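Enquirer: Following this line is data37.cif, made up of mmCIF, C-alpha atoms:
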```cif
data_run
#
loop_
_atom_site.label_atom_id
_atom_site.label_comp_id
_atom_site.auth_asym_id
_atom_site.auth_seq_id
_atom_site.Cartn_x
_atom_site.Cartn_y
_atom_site.Cartn_z
CA MET A 30 0.00 0.00 0.00
CA ALA A 31 2.71 2.42 1.09
CA ASP A 32 4.68 1.47 -1.97
CA ARG A 33 1.74 2.21 -4.25
CA LEU A 34 1.15 5.54 -2.56
CA TRP A 35 4.81 6.44 -2.98
CA ARG A 36 4.72 5.54 -6.65
CA TRP A 37 1.56 7.61 -7.09
CA TRP A 38 3.33 10.49 -5.37
CA LEU A 39 6.34 10.18 -7.64
CA LYS A 40 4.08 10.22 -10.66
CA PHE A 41 1.41 12.77 -9.81
CA GLY A 42 2.45 14.31 -6.50
CA PHE A 43 4.25 17.34 -7.85
CA PHE A 44 1.53 18.05 -10.35
CA THR A 45 -1.19 17.82 -7.67
CA LEU A 46 0.78 20.03 -5.31
CA ALA A 47 1.58 22.66 -7.94
CA GLY A 48 -1.98 22.61 -9.27
CA SER A 49 -3.47 23.03 -5.80
CA LEU A 50 -1.05 25.84 -4.99
CA ALA A 51 -1.89 27.61 -8.25
CA LEU A 52 -5.62 27.34 -7.61
CA LEU A 53 -5.19 28.49 -4.00
CA PHE A 54 -3.16 31.49 -5.14
CA GLY A 55 -5.71 32.42 -7.78
CA TRP A 56 -8.57 32.14 -5.31
CA TRP A 57 -6.68 34.13 -2.69
CA VAL A 58 -5.98 36.97 -5.14
CA ARG A 59 -9.66 36.94 -6.06
CA GLN A 60 -10.85 37.02 -2.46
CA SER A 61 -8.37 39.73 -1.44
CA GLU A 62 -9.44 41.73 -4.51
CA GLY A 63 -5.89 41.89 -5.78
CA ALA A 64 -4.55 43.78 -2.76
CA VAL A 65 -1.11 42.15 -2.83
CA ILE A 66 -0.77 42.52 -6.60
CA ALA A 67 -1.84 46.17 -6.32
CA ASP A 68 0.79 46.85 -3.63
CA LEU A 69 3.45 45.04 -5.64
CA PHE A 70 2.47 47.04 -8.72
CA ALA A 71 2.68 50.28 -6.76
CA MET A 72 6.16 49.39 -5.46
CA LEU A 73 7.47 48.30 -8.87
CA SER A 74 6.09 51.36 -10.63
CA ALA A 75 7.46 53.78 -7.99
CA PRO A 76 10.77 54.44 -9.86
CA PHE A 77 8.84 55.42 -13.00
CA VAL A 78 6.54 57.87 -11.29
CA PRO A 79 7.83 61.46 -11.34
CA THR A 80 8.08 62.66 -7.78
CA VAL A 81 7.03 66.30 -8.10
CA PRO A 82 4.64 66.47 -11.03
CA THR A 83 2.07 68.76 -9.50
CA VAL A 84 4.43 71.44 -8.24
CA ALA A 85 5.52 72.32 -11.76
CA VAL A 86 1.93 72.81 -12.73
CA TYR A 87 1.27 75.10 -9.82
CA ARG A 88 4.42 77.13 -10.48
CA ASP A 89 2.85 78.51 -13.57
CA ASP A 90 1.89 82.09 -12.81
CA GLN A 91 -1.43 82.02 -14.49
CA THR A 92 -2.39 78.89 -12.67
CA ARG A 93 -1.49 80.52 -9.39
CA GLN A 94 -3.57 83.51 -10.22
CA LEU A 95 -6.53 81.32 -11.06
CA GLN A 96 -5.91 79.33 -7.90
CA ASP A 97 -6.11 82.52 -5.86
CA GLN A 98 -9.34 83.46 -7.52
CA LEU A 99 -10.68 79.99 -6.82
CA ASP A 100 -9.61 80.21 -3.19
CA ALA A 101 -11.41 83.50 -2.83
CA LEU A 102 -14.53 82.09 -4.40
CA GLN A 103 -14.33 78.95 -2.27
CA GLN A 104 -14.00 81.11 0.82
CA GLU A 105 -17.03 83.11 -0.19
CA ASN A 106 -18.91 79.95 -1.05
CA ARG A 107 -18.04 78.47 2.34
CA GLN A 108 -19.37 81.50 4.13
CA LEU A 109 -22.58 81.43 2.13
CA ARG A 110 -22.98 77.71 2.77
CA ASN A 111 -22.44 78.25 6.47
CA LEU A 112 -25.10 80.92 6.35
CA LEU A 113 -27.46 78.43 4.79
CA SER A 114 -26.16 75.70 7.15
CA ILE A 115 -25.38 73.40 4.26
CA GLU A 116 -22.80 70.69 4.73
CA ASP A 117 -19.34 72.14 4.08
CA ILE A 118 -17.20 70.05 1.81
CA ALA A 119 -14.49 72.54 0.97
CA GLY A 120 -12.63 72.22 4.26
CA ILE A 121 -11.48 68.66 3.63
CA ARG A 122 -7.80 68.33 2.77
CA PRO A 123 -7.30 66.27 -0.37
CA ILE A 124 -4.59 63.67 -0.94
CA ASN A 125 -2.59 64.16 -4.14
CA ALA A 126 -2.19 60.88 -5.95
CA GLN A 127 -0.47 59.75 -9.11
CA VAL A 128 -2.23 57.53 -11.63
CA ILE A 129 -0.07 54.42 -11.99
CA GLY A 130 -2.35 52.02 -13.82
CA ARG A 131 -5.39 51.65 -16.01
CA SER A 132 -8.30 49.26 -16.28
CA GLY A 133 -7.54 45.62 -15.57
CA ASP A 134 -9.57 44.40 -18.51
CA HIS A 135 -11.63 45.77 -21.35
CA TRP A 136 -14.91 45.79 -19.50
CA TRP A 137 -14.16 47.92 -16.45
CA GLN A 138 -13.19 51.57 -16.46
CA GLU A 139 -10.73 51.82 -13.60
CA LEU A 140 -7.65 53.66 -12.39
CA VAL A 141 -4.93 52.46 -10.05
CA LEU A 142 -3.53 55.20 -7.78
CA ASN A 143 -0.28 55.18 -5.83
CA CYS A 144 -1.92 56.07 -2.49
CA GLY A 145 -3.51 53.54 -0.22
CA ARG A 146 -4.60 52.92 3.33
CA LEU A 147 -1.22 54.11 4.66
CA ASP A 148 -1.91 57.54 3.12
CA GLY A 149 -5.37 57.73 4.61
CA VAL A 150 -7.46 56.68 1.61
CA ALA A 151 -10.69 54.87 2.43
CA VAL A 152 -13.22 53.02 0.31
CA GLY A 153 -15.88 55.49 -0.81
CA SER A 154 -13.56 58.50 -1.08
CA TYR A 155 -14.32 60.54 -4.15
CA VAL A 156 -11.68 61.47 -6.68
CA VAL A 157 -11.37 64.77 -8.51
CA ALA A 158 -8.97 65.87 -11.24
CA GLN A 159 -8.41 69.19 -12.93
CA GLY A 160 -11.74 69.90 -14.54
CA GLY A 161 -14.07 67.87 -12.43
CA LEU A 162 -15.19 64.68 -10.80
CA VAL A 163 -13.43 61.48 -11.85
CA GLY A 164 -14.96 58.67 -9.81
CA GLN A 165 -14.99 56.89 -6.50
CA VAL A 166 -12.49 54.67 -4.68
CA ARG A 167 -13.74 51.07 -4.74
CA HIS A 168 -10.77 49.08 -3.38
CA VAL A 169 -7.96 50.11 -1.06
CA SER A 170 -4.82 48.19 -0.19
CA GLU A 171 -1.84 49.37 1.87
CA ARG A 172 -0.08 51.32 -0.88
CA ALA A 173 -2.54 51.49 -3.74
CA SER A 174 -6.17 52.19 -4.38
CA ARG A 175 -8.50 51.56 -7.28
CA VAL A 176 -11.02 54.04 -8.61
CA LEU A 177 -14.16 53.21 -10.56
CA LEU A 178 -14.44 55.91 -13.22
CA LEU A 179 -17.63 57.78 -14.04
CA SER A 180 -17.32 56.41 -17.57
CA ASP A 181 -18.00 52.86 -16.36
CA PRO A 182 -21.53 51.69 -17.19
CA SER A 183 -22.04 50.46 -13.61
CA SER A 184 -21.31 53.93 -12.27
CA GLN A 185 -24.51 55.93 -11.94
CA VAL A 186 -24.43 59.41 -10.49
CA GLY A 187 -27.25 61.74 -9.56
CA VAL A 188 -26.63 65.00 -11.44
CA MET A 189 -28.32 68.27 -12.28
CA THR A 190 -27.75 71.10 -14.70
CA ALA A 191 -26.19 74.11 -13.04
CA ARG A 192 -28.35 76.55 -15.01
CA THR A 193 -31.85 75.10 -14.88
CA ARG A 194 -31.44 72.87 -11.76
CA VAL A 195 -33.11 69.92 -13.50
CA MET A 196 -32.19 66.63 -11.83
CA GLY A 197 -31.13 63.52 -13.67
CA ILE A 198 -28.96 60.42 -13.64
CA LEU A 199 -25.66 60.14 -15.47
CA GLN A 200 -24.48 56.75 -16.71
CA GLY A 201 -21.12 56.00 -18.32
CA ARG A 202 -20.70 54.30 -21.69
CA ARG A 203 -16.99 53.41 -21.58
CA ARG A 204 -16.35 56.32 -23.95
CA GLU A 205 -15.36 59.95 -23.65
CA LYS A 206 -19.03 60.85 -23.43
CA ALA A 207 -21.81 59.64 -21.16
CA PHE A 208 -25.59 59.83 -21.20
CA ALA A 209 -27.63 61.78 -18.68
CA GLU A 210 -31.35 61.10 -18.36
CA PHE A 211 -33.42 63.89 -16.84
CA PHE A 212 -36.53 63.64 -14.76
CA GLU A 213 -38.17 66.69 -16.38
CA PRO A 214 -38.54 67.42 -20.09
CA GLN A 215 -37.12 70.91 -19.79
CA PRO A 216 -34.95 71.74 -22.80
CA GLN A 217 -31.23 71.93 -22.09
CA LYS A 218 -28.68 73.84 -24.06
CA THR A 219 -25.46 72.56 -25.50
CA GLY A 220 -22.66 73.70 -23.24
CA ASP A 221 -24.70 73.63 -20.02
CA LEU A 222 -22.63 72.58 -17.01
CA ILE A 223 -23.60 69.33 -15.28
CA VAL A 224 -22.86 69.02 -11.54
CA THR A 225 -23.55 66.35 -8.93
CA SER A 226 -26.95 66.78 -7.36
CA GLY A 227 -27.98 66.71 -3.74
CA LEU A 228 -29.76 63.43 -4.41
CA SER A 229 -26.47 61.63 -5.02
CA SER A 230 -25.58 59.68 -1.89
CA ARG A 231 -22.08 58.88 -3.14
CA PHE A 232 -20.80 62.36 -3.95
CA PRO A 233 -21.24 65.75 -2.34
CA PRO A 234 -23.48 68.10 -4.33
CA GLY A 235 -22.12 70.72 -6.67
CA LEU A 236 -19.02 68.98 -8.07
CA PRO A 237 -18.60 69.71 -11.79
CA VAL A 238 -19.00 66.56 -13.91
CA GLY A 239 -19.19 67.68 -17.52
CA ARG A 240 -20.95 69.72 -20.16
CA ILE A 241 -23.89 68.87 -22.40
CA THR A 242 -22.84 68.26 -25.99
CA GLY A 243 -26.14 67.09 -27.38
CA TYR A 244 -29.77 66.93 -26.29
CA ASP A 245 -32.49 64.58 -27.50
CA ARG A 246 -35.98 65.49 -26.37
CA ASN A 247 -37.70 62.98 -28.66
CA GLN A 248 -36.89 60.06 -26.38
CA ALA A 249 -39.39 58.80 -23.81
CA VAL A 250 -37.03 60.17 -21.18
CA PRO A 251 -35.22 63.41 -22.08
CA ARG A 252 -31.62 62.45 -22.64
CA ALA A 253 -28.46 64.46 -23.04
CA GLU A 254 -24.99 63.50 -24.15
CA VAL A 255 -22.40 64.74 -21.68
CA ALA A 256 -18.67 65.24 -22.24
CA PHE A 257 -16.71 64.84 -19.01
CA SER A 258 -14.89 67.92 -17.72
CA ALA A 259 -11.93 65.84 -16.53
CA PRO A 260 -9.92 64.08 -19.24
CA LEU A 261 -10.74 60.57 -17.98
CA GLY A 262 -8.73 58.87 -20.70
CA ARG A 263 -5.42 60.61 -19.97
CA LEU A 264 -5.33 61.48 -16.30
CA GLU A 265 -1.93 61.75 -14.67
CA TRP A 266 -2.65 62.98 -11.21
CA VAL A 267 -5.79 63.33 -9.15
CA LYS A 268 -6.93 64.49 -5.75
CA ILE A 269 -8.57 62.05 -3.38
CA TYR A 270 -11.03 63.54 -0.90
CA PRO A 271 -11.12 61.07 1.97
CA GLY A 272 -14.07 62.70 3.64
CA THR A 273 -17.25 61.44 2.08
CA PRO A 274 -20.83 62.47 2.60
CA ALA A 275 -22.55 60.84 5.54
CA ASP A 276 -24.01 57.83 3.74
CA ALA A 277 -21.43 57.33 1.06
CA SER A 278 -21.38 53.59 1.46
CA LEU A 279 -21.40 51.67 -1.79
CA ASP A 280 -25.06 50.95 -1.55
CA GLN A 281 -25.61 51.14 -5.26
CA LYS A 282 -24.90 47.64 -6.36
CA PRO A 283 -23.35 44.55 -4.78
CA ASP A 284 -20.15 43.44 -6.45
CA ARG A 285 -20.70 39.78 -6.06
CA MET B 9 16.21 12.62 -7.27
CA GLN B 10 17.49 15.61 -5.30
CA VAL B 11 18.50 17.48 -8.43
CA SER B 12 15.24 16.71 -10.14
CA ILE B 13 13.19 18.10 -7.27
CA ARG B 14 15.32 21.21 -7.14
CA ASN B 15 14.92 21.68 -10.89
CA ARG B 16 11.21 21.28 -10.56
CA ILE B 17 11.00 23.88 -7.82
CA VAL B 18 13.13 26.35 -9.79
CA ASN B 19 10.95 25.69 -12.83
CA ALA B 20 7.79 26.23 -10.84
CA LEU B 21 9.13 29.46 -9.33
CA GLY B 22 10.03 30.77 -12.79
CA THR B 23 6.59 29.85 -14.06
CA PHE B 24 4.98 31.58 -11.10
CA THR B 25 7.06 34.72 -11.67
CA SER B 26 6.11 34.84 -15.34
CA ALA B 27 2.42 34.48 -14.39
CA LEU B 28 2.83 37.28 -11.86
CA ILE B 29 4.38 39.52 -14.51
CA ALA B 30 1.44 38.76 -16.79
CA LEU B 31 -0.90 39.87 -14.00
CA LEU B 32 1.07 43.04 -13.26
CA ALA B 33 1.18 43.94 -16.96
CA VAL B 34 -2.59 44.16 -16.85
CA TRP B 35 -2.42 47.57 -15.15
CA ALA B 36 0.70 48.98 -16.75
CA PRO B 37 -0.11 52.05 -18.86
CA VAL B 38 2.86 51.73 -21.19
CA PRO B 39 2.43 53.86 -24.33
CA GLY B 40 2.18 51.80 -27.49
CA TRP B 41 0.57 48.84 -25.79
CA GLN B 42 -2.84 49.93 -26.88
CA LEU B 43 -4.66 49.55 -30.17
CA ALA B 44 -7.72 51.83 -30.45
CA GLY B 45 -7.99 51.99 -26.67
CA VAL B 46 -7.73 48.23 -26.23
CA SER B 47 -4.59 46.72 -24.73
CA ALA B 48 -3.33 43.15 -24.93
CA ASP B 49 -4.91 40.53 -22.69
CA TRP B 50 -1.73 39.38 -20.93
CA PRO B 51 -3.27 36.73 -18.65
CA LEU B 52 -4.92 35.11 -21.67
CA LEU B 53 -1.68 35.19 -23.62
CA TRP B 54 0.16 33.51 -20.72
CA VAL B 55 -2.52 30.86 -20.39
CA VAL B 56 -2.42 30.07 -24.12
CA CYS B 57 1.40 29.76 -24.04
CA TRP B 58 1.15 27.46 -21.03
CA SER B 59 -1.56 25.29 -22.55
CA VAL B 60 -0.09 24.71 -25.98
CA ARG B 61 1.93 21.63 -25.06
CA ARG B 62 0.15 20.43 -21.94
CA THR B 63 -2.74 18.17 -21.04
CA PRO B 64 -6.24 19.66 -20.89
CA LEU B 65 -6.28 19.10 -17.10
CA GLN B 66 -3.06 21.03 -16.51
CA ALA B 67 -4.27 23.73 -18.88
CA GLY B 68 -7.66 23.95 -17.22
CA ILE B 69 -6.19 24.34 -13.73
CA ALA B 70 -3.86 27.09 -14.91
CA GLY B 71 -6.73 28.83 -16.70
CA LEU B 72 -8.92 28.65 -13.61
CA ALA B 73 -6.19 29.95 -11.28
CA MET B 74 -5.25 32.77 -13.66
CA GLY B 75 -8.91 33.65 -14.15
CA TRP B 76 -9.53 33.91 -10.42
CA ALA B 77 -6.44 36.07 -9.97
CA HIS B 78 -7.60 38.31 -12.84
CA ASP B 79 -10.97 38.60 -11.10
CA GLY B 80 -9.13 39.97 -8.08
CA LEU B 81 -7.56 42.67 -10.24
CA THR B 82 -10.86 43.76 -11.77
CA MET B 83 -14.26 42.63 -10.54
CA SER B 84 -15.32 39.11 -9.71
CA ARG B 85 -18.70 39.38 -11.37
CA PRO B 86 -18.69 38.31 -14.17
CA SER B 87 -15.73 35.99 -13.68
CA HIS B 88 -12.75 35.77 -16.03
CA ALA B 89 -12.11 32.20 -14.91
CA LEU B 90 -14.73 30.70 -17.22
CA GLY B 91 -13.32 32.23 -20.41
CA LEU B 92 -9.70 31.57 -19.50
CA ALA B 93 -10.28 27.95 -18.43
CA LEU B 94 -12.24 27.29 -21.61
CA ALA B 95 -9.54 28.88 -23.77
CA ALA B 96 -6.85 26.87 -21.96
CA VAL B 97 -8.60 23.52 -22.34
CA LEU B 98 -9.39 24.16 -26.00
CA THR B 99 -5.78 25.18 -26.69
CA ALA B 100 -4.53 21.98 -25.08
CA ARG B 101 -6.97 19.90 -27.12
CA LEU B 102 -5.96 21.61 -30.37
CA GLU B 103 -2.31 20.70 -30.01
CA LYS B 104 -3.02 17.17 -28.96
CA GLN B 105 -4.88 16.42 -32.13
CA ARG B 106 -2.00 17.86 -34.17
CA TYR B 107 -4.27 19.83 -36.42
CA ILE B 108 -1.96 22.78 -36.16
CA GLN B 109 1.82 22.90 -36.36
CA GLU B 110 3.56 24.71 -33.54
CA ASP B 111 5.22 27.89 -34.82
CA PHE B 112 4.92 31.66 -34.49
CA ILE B 113 2.12 32.07 -37.00
CA SER B 114 -0.03 29.36 -35.53
CA MET B 115 0.62 30.70 -32.00
CA SER B 116 -0.71 34.07 -33.13
CA LEU B 117 -3.66 32.39 -34.77
CA ILE B 118 -4.54 30.36 -31.68
CA THR B 119 -4.20 33.46 -29.50
CA PHE B 120 -6.47 35.41 -31.83
CA VAL B 121 -9.21 32.80 -31.66
CA MET B 122 -8.89 32.35 -27.90
CA ALA B 123 -9.02 36.11 -27.24
CA VAL B 124 -12.27 36.35 -29.19
CA LEU B 125 -13.58 33.32 -27.28
CA SER B 126 -12.67 34.69 -23.87
CA GLU B 127 -14.19 38.13 -24.56
CA THR B 128 -17.31 36.42 -25.86
CA CYS B 129 -17.54 34.46 -22.59
CA THR B 130 -17.37 37.74 -20.65
CA ALA B 131 -19.99 39.33 -22.89
CA LEU B 132 -22.30 36.32 -22.49
CA GLN B 133 -21.96 36.54 -18.71
CA TYR B 134 -22.79 40.25 -18.75
CA TRP B 135 -25.74 39.50 -20.95
CA SER B 136 -27.04 36.78 -18.61
CA LEU B 137 -26.55 39.02 -15.56
CA GLY B 138 -28.80 41.58 -17.22
CA ASP B 139 -27.35 44.66 -15.50
CA LEU B 140 -26.58 46.40 -18.78
CA PRO B 141 -28.64 46.80 -21.96
CA ALA B 142 -27.90 43.96 -24.39
CA ALA B 143 -27.30 46.28 -27.34
CA ALA B 144 -24.58 48.15 -25.43
CA ILE B 145 -22.89 44.89 -24.42
CA TRP B 146 -22.73 43.52 -27.96
CA GLU B 147 -21.65 46.81 -29.44
CA HIS B 148 -18.82 46.93 -26.92
CA HIS B 149 -18.04 43.24 -27.44
CA GLN B 150 -17.47 43.69 -31.17
CA TRP B 151 -14.97 46.44 -30.56
CA VAL B 152 -13.20 44.75 -27.65
CA ALA B 153 -13.06 41.23 -29.07
CA LEU B 154 -11.52 42.34 -32.34
CA GLY B 155 -9.15 44.87 -30.78
CA SER B 156 -8.01 42.53 -28.01
CA ALA B 157 -7.57 39.61 -30.42
CA LEU B 158 -5.50 41.70 -32.83
CA ILE B 159 -3.12 43.24 -30.31
CA THR B 160 -2.79 40.08 -28.21
CA SER B 161 -1.97 37.92 -31.20
CA LEU B 162 0.65 40.45 -32.32
CA TRP B 163 2.39 40.06 -28.96
CA ALA B 164 2.01 36.27 -28.88
CA PRO B 165 5.34 35.24 -30.44
CA LEU B 166 7.31 37.60 -28.22
CA VAL B 167 5.84 36.13 -25.06
CA TYR B 168 5.84 32.55 -26.32
CA VAL B 169 9.54 32.30 -27.20
CA PRO B 170 10.99 33.00 -23.74
CA LEU B 171 8.34 30.90 -22.02
CA ARG B 172 8.95 28.02 -24.42
CA TRP B 173 12.65 28.28 -23.65
CA TRP B 174 11.98 28.19 -19.92
CA TRP B 175 9.80 25.09 -20.26
CA ARG B 176 12.12 23.31 -22.73
CA ASP B 177 12.99 20.48 -20.26
CA GLU B 178 9.51 20.16 -18.88
CA VAL B 179 7.68 19.74 -22.18
CA PRO B 180 10.18 18.68 -24.85
#
```
Please, can you express the file's structure as structure tokens?

Expert:
Amino acid sequence: MADRLWRWWLKFGFFTLAGSLALLFGWWVRQSEGAVIADLFAMLSAPFVPTVPTVAVYRDDQTRQLQDQLDALQQENRQLRNLLSIEDIAGIRPINAQVIGRSGDHWWQELVLNCGRLDGVAVGSYVVAQGGLVGQVRHVSERASRVLLLSDPSSQVGVMTARTRVMGILQGRRREKAFAEFFEPQPQKTGDLIVTSGLSSRFPPGLPVGRITGYDRNQAVPRAEVAFSAPLGRLEWVKIYPGTPADASLDQKPDR
Amino acid sequence: MQVSIRNRIVNALGTFTSALIALLAVWAPVPGWQLAGVSADWPLLWVVCWSVRRTPLQAGIAGLAMGWAHDGLTMSRPSHALGLALAAVLTARLEKQRYIQEDFISMSLITFVMAVLSETCTALQYWSLGDLPAAAIWEHHQWVALGSALITSLWAPLVYVPLRWWWRDEVP
């Protein structure tokens, strides 16, 4: 018996062992949502990431001037919001993060960022780039985090037009442009700014999302084509806002 | 016996490292890796290279493990494991029946077919889940399947040659 077992081991033992280990590893990566691979990727890509990319941008005089104007407006906005006792989102300090990776396959619109739990990023943080909203952090490991972009079809955001205050829902299409469906058939103009609405539980209200590039009122539901303000396809650095609105849990859709 | 076991362990470690590199390459935004916004499917390419000269069982296990790991890097619903395992088993069957000679051109051809197959599996799963409108899924599938198949099959010989060299003792 022992002899037969030994012969079996000599013949198939290594294969069984290696196969089981491979399956265990695969399953473990799946269950941990790629945390170890993400950290490894962040460490390996560290030498290729420029260390001070954002400073150069800010050094530009014009940018600084605009920044000052923005600060002044934000300050004014904060005071007005306080007057109206609306939740203040401007006081949160953002984390600057570098984009180190793109979508893991052709079906998800994702970014990998070089900041993780060690930098204070939490699941549900929202991510903003120059121009506007980018998406929301879905997975965090020690040194990396992964962001689901607004352009992903599973990402639905409550939005409204800044001019007419008509509410709607924006859904990504994996392209540069997304569709927004409005609850009221009020005509919108091309070029109207779209911002997150107060109905969105995942993002604070008032963040710029994009601009209307086309409007179709002949549909059953009035629908507009929206070009994102942030260049989602070629982002290099983003700001993560760790503070999220009160109920920013990922209640939208279970992942599994 | 000692030497043989050591060789096997070194071989296995090399194989594991190459699989890990294939997984890491998934995220790497290297310019020139993309064709019309679609980049190569590295895990699939690795699985096809592994399966070409192995038994369907070995191929299937590798496909399943790689698929699960790829799930971890993206989203686990729908799973990549189904498409990759299917592609791996089919690749192993192909070679066994000796319908196709093993060379660069046929490697590219096999990779092309398997990439289309694996993307179709993903699309079918999306379709059966019903979260997205069917028209959008199939429109996206056309674009992704063709793009992924083209760019992945172009890379196939470059990945296959070093891997084949590494496995030269294992699968003569």

Enquirer: Could you pull the residues within 8 Å of range 147-160 of chain B, counting only C-alpha atoms, minus those fewer than 6 positions along the same chain, as an MDAnalysis selection string?

Expert: (chainID A and resid 135) or (chainID B and resid 42:44 46:50 53 119:124 127:128 131)

Enquirer: Please produce a file of those selected residues containing C-alpha atoms, as a PDB file, keeping the file's coordinate frame.

Expert:
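Generated file (again-v7.pdb):
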```
ATOM      1  CA  HIS A 135     -11.630  45.770 -21.350  1.00  0.00           C
TER       2      HIS A 135
ATOM      3  CA  GLN B  42      -2.840  49.930 -26.880  1.00  0.00           C
ATOM      4  CA  LEU B  43      -4.660  49.550 -30.170  1.00  0.00           C
ATOM      5  CA  ALA B  44      -7.720  51.830 -30.450  1.00  0.00           C
ATOM      6  CA  VAL B  46      -7.730  48.230 -26.230  1.00  0.00           C
ATOM      7  CA  SER B  47      -4.590  46.720 -24.730  1.00  0.00           C
ATOM      8  CA  ALA B  48      -3.330  43.150 -24.930  1.00  0.00           C
ATOM      9  CA  ASP B  49      -4.910  40.530 -22.690  1.00  0.00           C
ATOM     10  CA  TRP B  50      -1.730  39.380 -20.930  1.00  0.00           C
ATOM     11  CA  LEU B  53      -1.680  35.190 -23.620  1.00  0.00           C
ATOM     12  CA  THR B 119      -4.200  33.460 -29.500  1.00  0.00           C
ATOM     13  CA  PHE B 120      -6.470  35.410 -31.830  1.00  0.00           C
ATOM     14  CA  VAL B 121      -9.210  32.800 -31.660  1.00  0.00           C
ATOM     15  CA  MET B 122      -8.890  32.350 -27.900  1.00  0.00           C
ATOM     16  CA  ALA B 123      -9.020  36.110 -27.240  1.00  0.00           C
ATOM     17  CA  VAL B 124     -12.270  36.350 -29.190  1.00  0.00           C
ATOM     18  CA  GLU B 127     -14.190  38.130 -24.560  1.00  0.00           C
ATOM     19  CA  THR B 128     -17.310  36.420 -25.860  1.00  0.00           C
ATOM     20  CA  ALA B 131     -19.990  39.330 -22.890  1.00  0.00           C
TER      21      ALA B 131
END
```

Enquirer: Taking all atoms listed in the file into account, name the residue in A:Arg204, A:Arg240, A:Lys268, A:Arg36 that is nearest to chain B.

Expert: A:Arg204

Enquirer: For the PyMOL selection byres ((chain B) within 7 of (chain A)), applied here, can you spell out every residue it catches as number ranges by chain?

Expert: B: 32, 34-37, 46, 69-70, 72-74, 76-77, 79-82, 84-85, 152

Enquirer: Report the distance between CA of Arg61 in chain B and CA of Gln133 in chain B in Å, rounded to one decimal place.

Expert: 28.9 Å

Enquirer: Could you write out as a PyMOL selection string the residues that the PyMOL selection byres ((chain B and resi 63-67) around 6) matches in the shown file?

Expert: chain B and resi 59+62+68-70+96-97+100

Enquirer: Give me the residues near range 167-173 of chain B as an mmCIF file with C-alpha atoms, in the coordinates of the input, where near means some atom within 9 Å (using only C-alpha atoms) and where sequence neighbours in that chain fewer than 4 positions away do not count.

Expert:
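Result file follows (around_12.cif):
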```cif
data_model
loop_
_atom_site.group_PDB
_atom_site.id
_atom_site.type_symbol
_atom_site.label_atom_id
_atom_site.label_comp_id
_atom_site.auth_asym_id
_atom_site.auth_seq_id
_atom_site.Cartn_x
_atom_site.Cartn_y
_atom_site.Cartn_z
ATOM 1 C CA THR B 23 6.590 29.850 -14.060
ATOM 2 C CA SER B 26 6.110 34.840 -15.340
ATOM 3 C CA LEU B 53 -1.680 35.190 -23.620
ATOM 4 C CA TRP B 54 0.160 33.510 -20.720
ATOM 5 C CA VAL B 56 -2.420 30.070 -24.120
ATOM 6 C CA CYS B 57 1.400 29.760 -24.040
ATOM 7 C CA TRP B 58 1.150 27.460 -21.030
ATOM 8 C CA PHE B 112 4.920 31.660 -34.490
ATOM 9 C CA MET B 115 0.620 30.700 -32.000
ATOM 10 C CA TRP B 163 2.390 40.060 -28.960
ATOM 11 C CA ASP B 177 12.990 20.480 -20.260
ATOM 12 C CA VAL B 179 7.680 19.740 -22.180
#
```

Enquirer: Apply the PyMOL selection byres ((chain A and resi 146) around 10) to the structure shown and report the selected residues as a list in words.

Expert: Cys144, Gly145, Leu147, Asp148, Gly149, Val150, Ala151, Val152, His168, Val169, Ser170, Glu171, Arg172, Ala173 and Ser174 of chain A

Enquirer: Keeping only C-alpha atoms, write the selected residues to a file as a tab-separated table (two decimals), in the coordinates of the input.

Expert:
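Generated file (part_16.tsv):
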```tsv
chain	number	residue	atom	x	y	z
A	144	CYS	CA	-1.92	56.07	-2.49
A	145	GLY	CA	-3.51	53.54	-0.22
A	147	LEU	CA	-1.22	54.11	4.66
A	148	ASP	CA	-1.91	57.54	3.12
A	149	GLY	CA	-5.37	57.73	4.61
A	150	VAL	CA	-7.46	56.68	1.61
A	151	ALA	CA	-10.69	54.87	2.43
A	152	VAL	CA	-13.22	53.02	0.31
A	168	HIS	CA	-10.77	49.08	-3.38
A	169	VAL	CA	-7.96	50.11	-1.06
A	170	SER	CA	-4.82	48.19	-0.19
A	171	GLU	CA	-1.84	49.37	1.87
A	172	ARG	CA	-0.08	51.32	-0.88
A	173	ALA	CA	-2.54	51.49	-3.74
A	174	SER	CA	-6.17	52.19	-4.38
```

Enquirer: What is the CA of Val78 in chain A to CA of Gly161 in chain A distance in Å?

Expert: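 Result for CA of Val78 in chain A versus CA of Gly161 in chain A: 22.9 Å, one decimal.
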
Enquirer: Could you jot down the CA of Asn106 in chain A to CA of Pro271 in chain A separation for me, Å, one decimal place?

Expert: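 Between CA of Asn106 in chain A and CA of Pro271 in chain A the gap works out to 20.6 Å.
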
Enquirer: Skip range 13-18 of chain B itself and residues of its chain fewer than 2 positions away, then list as number ranges by chain all residues within 12 Å of it, counting only C-alpha atoms.

Expert: A: 39, 42-44, 46-47; B: 9-11, 20-25, 174-175, 177-178

Enquirer: Using all atoms listed in the file, which of A:Lys40, A:Arg246, A:Arg33, A:Arg167 sits nearest Phe212 in chain A?

Expert: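 Between A:Lys40, A:Arg246, A:Arg33, A:Arg167, the residue approaching Phe212 in chain A most closely is A:Arg246.
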
Enquirer: Within 10 Å of range 220-229 of chain A, counting only C-alpha atoms, which residues qualify if same-chain residues fewer than 6 places away don't, as a PyMOL selection string?

Expert: chain A and resi 161-162+185-199+209+235-243+255-258+274+276-277
